>>> print(open('entry-v2.pdb').read())   # PDB, C-alpha atoms, pLDDT in the B column
ATOM      1  CA  MET A   1     -91.525 -68.699  45.546  1.00 58.00           C
ATOM      2  CA  GLU A   2     -92.232 -65.033  45.303  1.00 62.00           C
ATOM      3  CA  SER A   3     -89.274 -64.014  43.164  1.00 72.00           C
ATOM      4  CA  ASN A   4     -88.783 -64.577  39.438  1.00 92.00           C
ATOM      5  CA  THR A   5     -85.153 -65.509  40.022  1.00 93.00           C
ATOM      6  CA  LEU A   6     -83.229 -67.931  42.180  1.00 93.00           C
ATOM      7  CA  PHE A   7     -79.576 -68.756  42.640  1.00 92.00           C
ATOM      8  CA  VAL A   8     -77.988 -72.177  42.333  1.00 92.00           C
ATOM      9  CA  ILE A   9     -74.417 -73.325  42.903  1.00 90.00           C
ATOM     10  CA  ASP A  10     -72.890 -75.319  40.054  1.00 88.00           C
ATOM     11  CA  ASP A  11     -70.392 -78.180  40.399  1.00 90.00           C
ATOM     12  CA  ALA A  12     -67.491 -75.702  40.289  1.00 95.00           C
ATOM     13  CA  GLY A  13     -68.935 -73.666  43.179  1.00 94.00           C
ATOM     14  CA  ASN A  14     -70.108 -70.775  41.012  1.00 94.00           C
ATOM     15  CA  GLU A  15     -73.362 -69.036  41.901  1.00 95.00           C
ATOM     16  CA  ILE A  16     -75.668 -68.830  38.863  1.00 95.00           C
ATOM     17  CA  GLU A  17     -78.776 -66.674  38.642  1.00 95.00           C
ATOM     18  CA  MET A  18     -81.667 -68.652  37.195  1.00 96.00           C
ATOM     19  CA  GLU A  19     -85.043 -67.462  35.992  1.00 97.00           C
ATOM     20  CA  VAL A  20     -88.160 -69.157  37.354  1.00 96.00           C
ATOM     21  CA  LEU A  21     -90.396 -70.553  34.639  1.00 95.00           C
ATOM     22  CA  PHE A  22     -93.219 -71.549  37.014  1.00 95.00           C
ATOM     23  CA  THR A  23     -94.002 -73.280  40.286  1.00 95.00           C
ATOM     24  CA  PHE A  24     -96.694 -75.749  41.311  1.00 96.00           C
ATOM     25  CA  GLU A  25     -97.691 -77.812  44.320  1.00 96.00           C
ATOM     26  CA  ASN A  26     -98.763 -81.435  44.464  1.00 95.00           C
ATOM     27  CA  GLU A  27    -101.410 -81.766  47.158  1.00 93.00           C
ATOM     28  CA  GLU A  28    -101.047 -85.562  47.302  1.00 92.00           C
ATOM     29  CA  ASN A  29     -97.412 -85.563  48.431  1.00 92.00           C
ATOM     30  CA  GLY A  30     -97.257 -81.996  49.775  1.00 93.00           C
ATOM     31  CA  HIS A  31     -94.223 -81.102  47.667  1.00 96.00           C
ATOM     32  CA  LYS A  32     -93.774 -77.763  45.939  1.00 97.00           C
ATOM     33  CA  TYR A  33     -91.875 -77.771  42.647  1.00 97.00           C
ATOM     34  CA  VAL A  34     -90.053 -75.045  40.760  1.00 96.00           C
ATOM     35  CA  LEU A  35     -89.012 -75.206  37.114  1.00 97.00           C
ATOM     36  CA  TYR A  36     -86.254 -72.812  36.129  1.00 96.00           C
ATOM     37  CA  PHE A  37     -83.651 -72.080  33.464  1.00 96.00           C
ATOM     38  CA  ASN A  38     -80.453 -70.144  32.911  1.00 95.00           C
ATOM     39  CA  PRO A  39     -81.303 -67.151  30.680  1.00 94.00           C
ATOM     40  CA  GLU A  40     -77.615 -66.959  29.669  1.00 94.00           C
ATOM     41  CA  ASP A  41     -77.647 -70.522  28.300  1.00 93.00           C
ATOM     42  CA  GLU A  42     -78.970 -70.757  24.740  1.00 93.00           C
ATOM     43  CA  SER A  43     -79.623 -74.504  25.018  1.00 94.00           C
ATOM     44  CA  GLY A  44     -83.008 -73.869  26.634  1.00 90.00           C
ATOM     45  CA  GLU A  45     -82.425 -76.570  29.244  1.00 94.00           C
ATOM     46  CA  VAL A  46     -85.037 -76.491  32.005  1.00 95.00           C
ATOM     47  CA  PHE A  47     -84.271 -77.674  35.531  1.00 96.00           C
ATOM     48  CA  ALA A  48     -86.698 -78.775  38.235  1.00 97.00           C
ATOM     49  CA  SER A  49     -86.384 -79.040  42.002  1.00 97.00           C
ATOM     50  CA  ILE A  50     -88.523 -79.412  45.079  1.00 97.00           C
ATOM     51  CA  TYR A  51     -88.553 -76.292  47.256  1.00 95.00           C
ATOM     52  CA  ASP A  52     -89.660 -75.556  50.806  1.00 94.00           C
ATOM     53  CA  ASP A  53     -91.205 -72.512  52.484  1.00 91.00           C
ATOM     54  CA  GLU A  54     -87.746 -71.043  53.118  1.00 91.00           C
ATOM     55  CA  GLY A  55     -86.832 -71.336  49.426  1.00 87.00           C
ATOM     56  CA  ASN A  56     -84.374 -74.214  49.879  1.00 92.00           C
ATOM     57  CA  LEU A  57     -84.049 -76.478  46.848  1.00 94.00           C
ATOM     58  CA  SER A  58     -83.931 -80.273  46.984  1.00 95.00           C
ATOM     59  CA  PRO A  59     -83.405 -82.712  44.126  1.00 95.00           C
ATOM     60  CA  ILE A  60     -86.251 -84.759  42.703  1.00 96.00           C
ATOM     61  CA  GLU A  61     -85.142 -88.312  43.300  1.00 93.00           C
ATOM     62  CA  ASN A  62     -87.894 -90.695  42.254  1.00 94.00           C
ATOM     63  CA  GLU A  63     -89.374 -91.590  38.894  1.00 96.00           C
ATOM     64  CA  GLU A  64     -92.984 -90.897  39.945  1.00 94.00           C
ATOM     65  CA  GLU A  65     -92.154 -87.297  40.798  1.00 95.00           C
ATOM     66  CA  TRP A  66     -90.179 -86.841  37.576  1.00 96.00           C
ATOM     67  CA  ALA A  67     -93.167 -88.171  35.609  1.00 96.00           C
ATOM     68  CA  LEU A  68     -95.428 -85.679  37.391  1.00 95.00           C
ATOM     69  CA  VAL A  69     -93.074 -82.775  36.676  1.00 96.00           C
ATOM     70  CA  GLU A  70     -92.768 -83.784  33.007  1.00 96.00           C
ATOM     71  CA  GLU A  71     -96.557 -84.008  32.683  1.00 95.00           C
ATOM     72  CA  VAL A  72     -97.064 -80.544  34.197  1.00 95.00           C
ATOM     73  CA  PHE A  73     -94.230 -79.098  32.098  1.00 94.00           C
ATOM     74  CA  ASN A  74     -95.713 -80.536  28.895  1.00 93.00           C
ATOM     75  CA  ALA A  75     -99.126 -79.111  29.789  1.00 93.00           C
ATOM     76  CA  PHE A  76     -97.471 -75.738  30.443  1.00 85.00           C
ATOM     77  CA  GLY A  77     -95.760 -75.927  27.036  1.00 78.00           C
ATOM     78  CA  SER A  78     -99.070 -76.744  25.335  1.00 72.00           C
ATOM     79  CA  GLU A  79    -100.733 -73.736  26.975  1.00 66.00           C
ATOM     80  CA  GLU A  80     -97.874 -71.486  25.860  1.00 60.00           C
ATOM     81  CA  ASP A  81     -98.237 -72.752  22.281  1.00 55.00           C
ATOM     82  CA  GLU A  82    -102.006 -72.124  22.323  1.00 57.00           C
ATOM     83  CA  GLU A  83    -101.483 -68.548  23.562  1.00 59.00           C
ATOM     84  CA  LYS A  84     -99.058 -67.856  20.688  1.00 55.00           C
ATOM     85  CA  VAL A  85    -101.640 -69.043  18.143  1.00 50.00           C
ATOM     86  CA  SER A  86    -104.493 -66.969  19.624  1.00 50.00           C
TER      87      SER A  86
END
>>> encode(input="entry-v2.pdb", output="structure tokens")
Amino acid sequence: MESNTLFVIDDAGNEIEMEVLFTFENEENGHKYVLYFNPEDESGEVFASIYDDEGNLSPIENEEEWALVEEVFNAFGSEEDEEKVS
């Protein structure tokens, strides 16, 4: 993903501009992941999807992949916290 934004369609068919938090690739399974959020939503909810070279998003459907994404996200959060302290 080269852009800092992406668009998703919600359940009502509305297009929502999301901000990319970060991306990463898992060399073992070959999947690329993007974590993103809605800057208009104050809840701070972060979403994650698999993406391909054309930028198409696919849902993460198995528990192993969710565990991987959560681990990377938590590491990202720890790095962010350390940078704020420095």
>>> resolve_selection(input="entry-v2.pdb", expression="the PyMOL selection byres ((chain A and resi 49) around 8)", output="list of chain:residue names")
A:Tyr33, A:Val34, A:Leu35, A:Phe47, A:Ala48, A:Ile50, A:Tyr51, A:Leu57, A:Ser58, A:Pro59, A:Ile60
>>> atom_distance(input="entry-v2.pdb", atom1="atom CA of Ile16 of chain A", atom2="atom CA of Asn29 of chain A")
29.1 Å
>>> atom_distance(input="entry-v2.pdb", atom1="atom CA of Glu65 of chain A", atom2="atom CA of Leu21 of chain A")
17.9 Å
>>> closest_residue(input="entry-v2.pdb", among="A:Gly55, A:Asn4, A:Gly77, A:Glu15", to="Tyr36 of chain A", atoms="only C-alpha atoms")
A:Asn4
>>> atom_distance(input="entry-v2.pdb", atom1="atom CA of Thr23 of chain A", atom2="atom CA of Asp11 of chain A")
24.1 Å
>>> axis_aligned_box(input="entry-v2.pdb", around="segment 75-78 of chain A", padding_each_side="5 Å", output="AutoDock Vina command-line options")
--center_x -97.4 --center_y -77.4 --center_z 27.9 --size_x 13.4 --size_y 13.4 --size_z 15.1
>>> build_atoms(input="entry-v2.pdb", residues="segment 11-41 of chain A", atoms="N, CA and C atoms", output="compact mmCIF listing (two decimals), keeping the file's coordinate frame")
# COMPACT_ATOMS: atom_id res chain seq x y z
N ASP A 11 -71.38 -77.21 39.91
CA ASP A 11 -70.39 -78.18 40.40
C ASP A 11 -69.04 -77.54 40.71
N ALA A 12 -68.77 -76.39 40.06
CA ALA A 12 -67.49 -75.70 40.29
C ALA A 12 -67.59 -74.69 41.43
N GLY A 13 -68.76 -74.60 42.07
CA GLY A 13 -68.94 -73.67 43.18
C GLY A 13 -69.34 -72.27 42.77
N ASN A 14 -69.67 -72.08 41.50
CA ASN A 14 -70.11 -70.78 41.01
C ASN A 14 -71.59 -70.57 41.27
N GLU A 15 -71.97 -69.37 41.70
CA GLU A 15 -73.36 -69.04 41.90
C GLU A 15 -73.94 -68.55 40.57
N ILE A 16 -75.05 -69.16 40.15
CA ILE A 16 -75.67 -68.83 38.86
C ILE A 16 -77.09 -68.35 39.11
N GLU A 17 -77.42 -67.19 38.53
CA GLU A 17 -78.78 -66.67 38.64
C GLU A 17 -79.66 -67.35 37.60
N MET A 18 -80.72 -67.96 38.06
CA MET A 18 -81.67 -68.65 37.20
C MET A 18 -82.99 -67.90 37.18
N GLU A 19 -83.73 -68.07 36.11
CA GLU A 19 -85.04 -67.46 35.99
C GLU A 19 -86.11 -68.53 36.21
N VAL A 20 -87.09 -68.21 37.06
CA VAL A 20 -88.16 -69.16 37.35
C VAL A 20 -89.14 -69.18 36.19
N LEU A 21 -89.42 -70.37 35.69
CA LEU A 21 -90.40 -70.55 34.64
C LEU A 21 -91.79 -70.60 35.26
N PHE A 22 -91.98 -71.50 36.23
CA PHE A 22 -93.22 -71.55 37.01
C PHE A 22 -93.04 -72.48 38.20
N THR A 23 -93.99 -72.40 39.12
CA THR A 23 -94.00 -73.28 40.29
C THR A 23 -95.36 -73.95 40.36
N PHE A 24 -95.41 -75.09 41.05
CA PHE A 24 -96.69 -75.75 41.31
C PHE A 24 -96.55 -76.63 42.54
N GLU A 25 -97.68 -76.98 43.13
CA GLU A 25 -97.69 -77.81 44.32
C GLU A 25 -98.51 -79.06 44.05
N ASN A 26 -98.03 -80.18 44.55
CA ASN A 26 -98.76 -81.44 44.46
C ASN A 26 -99.40 -81.68 45.83
N GLU A 27 -100.71 -81.61 45.88
CA GLU A 27 -101.41 -81.77 47.16
C GLU A 27 -101.31 -83.18 47.71
N GLU A 28 -101.14 -84.17 46.85
CA GLU A 28 -101.05 -85.56 47.30
C GLU A 28 -99.80 -85.81 48.14
N ASN A 29 -98.65 -85.31 47.69
CA ASN A 29 -97.41 -85.56 48.43
C ASN A 29 -96.94 -84.34 49.22
N GLY A 30 -97.60 -83.20 49.03
CA GLY A 30 -97.26 -82.00 49.78
C GLY A 30 -96.01 -81.28 49.29
N HIS A 31 -95.43 -81.74 48.18
CA HIS A 31 -94.22 -81.10 47.67
C HIS A 31 -94.57 -79.92 46.77
N LYS A 32 -93.70 -78.92 46.83
CA LYS A 32 -93.77 -77.76 45.94
C LYS A 32 -92.61 -77.89 44.96
N TYR A 33 -92.88 -77.62 43.70
CA TYR A 33 -91.88 -77.77 42.65
C TYR A 33 -91.64 -76.43 41.96
N VAL A 34 -90.41 -76.23 41.54
CA VAL A 34 -90.05 -75.04 40.76
C VAL A 34 -89.32 -75.52 39.51
N LEU A 35 -89.70 -74.95 38.38
CA LEU A 35 -89.01 -75.21 37.11
C LEU A 35 -88.32 -73.91 36.73
N TYR A 36 -87.05 -74.01 36.35
CA TYR A 36 -86.25 -72.81 36.13
C TYR A 36 -85.21 -73.07 35.04
N PHE A 37 -84.64 -71.98 34.53
CA PHE A 37 -83.65 -72.08 33.46
C PHE A 37 -82.63 -70.97 33.60
N ASN A 38 -81.51 -71.15 32.94
CA ASN A 38 -80.45 -70.14 32.91
C ASN A 38 -80.67 -69.27 31.67
N PRO A 39 -81.05 -68.00 31.85
CA PRO A 39 -81.30 -67.15 30.68
C PRO A 39 -80.05 -66.88 29.84
N GLU A 40 -78.88 -67.15 30.39
CA GLU A 40 -77.61 -66.96 29.67
C GLU A 40 -77.28 -68.16 28.79
N ASP A 41 -77.94 -69.28 29.01
CA ASP A 41 -77.65 -70.52 28.30
C ASP A 41 -78.63 -70.68 27.14
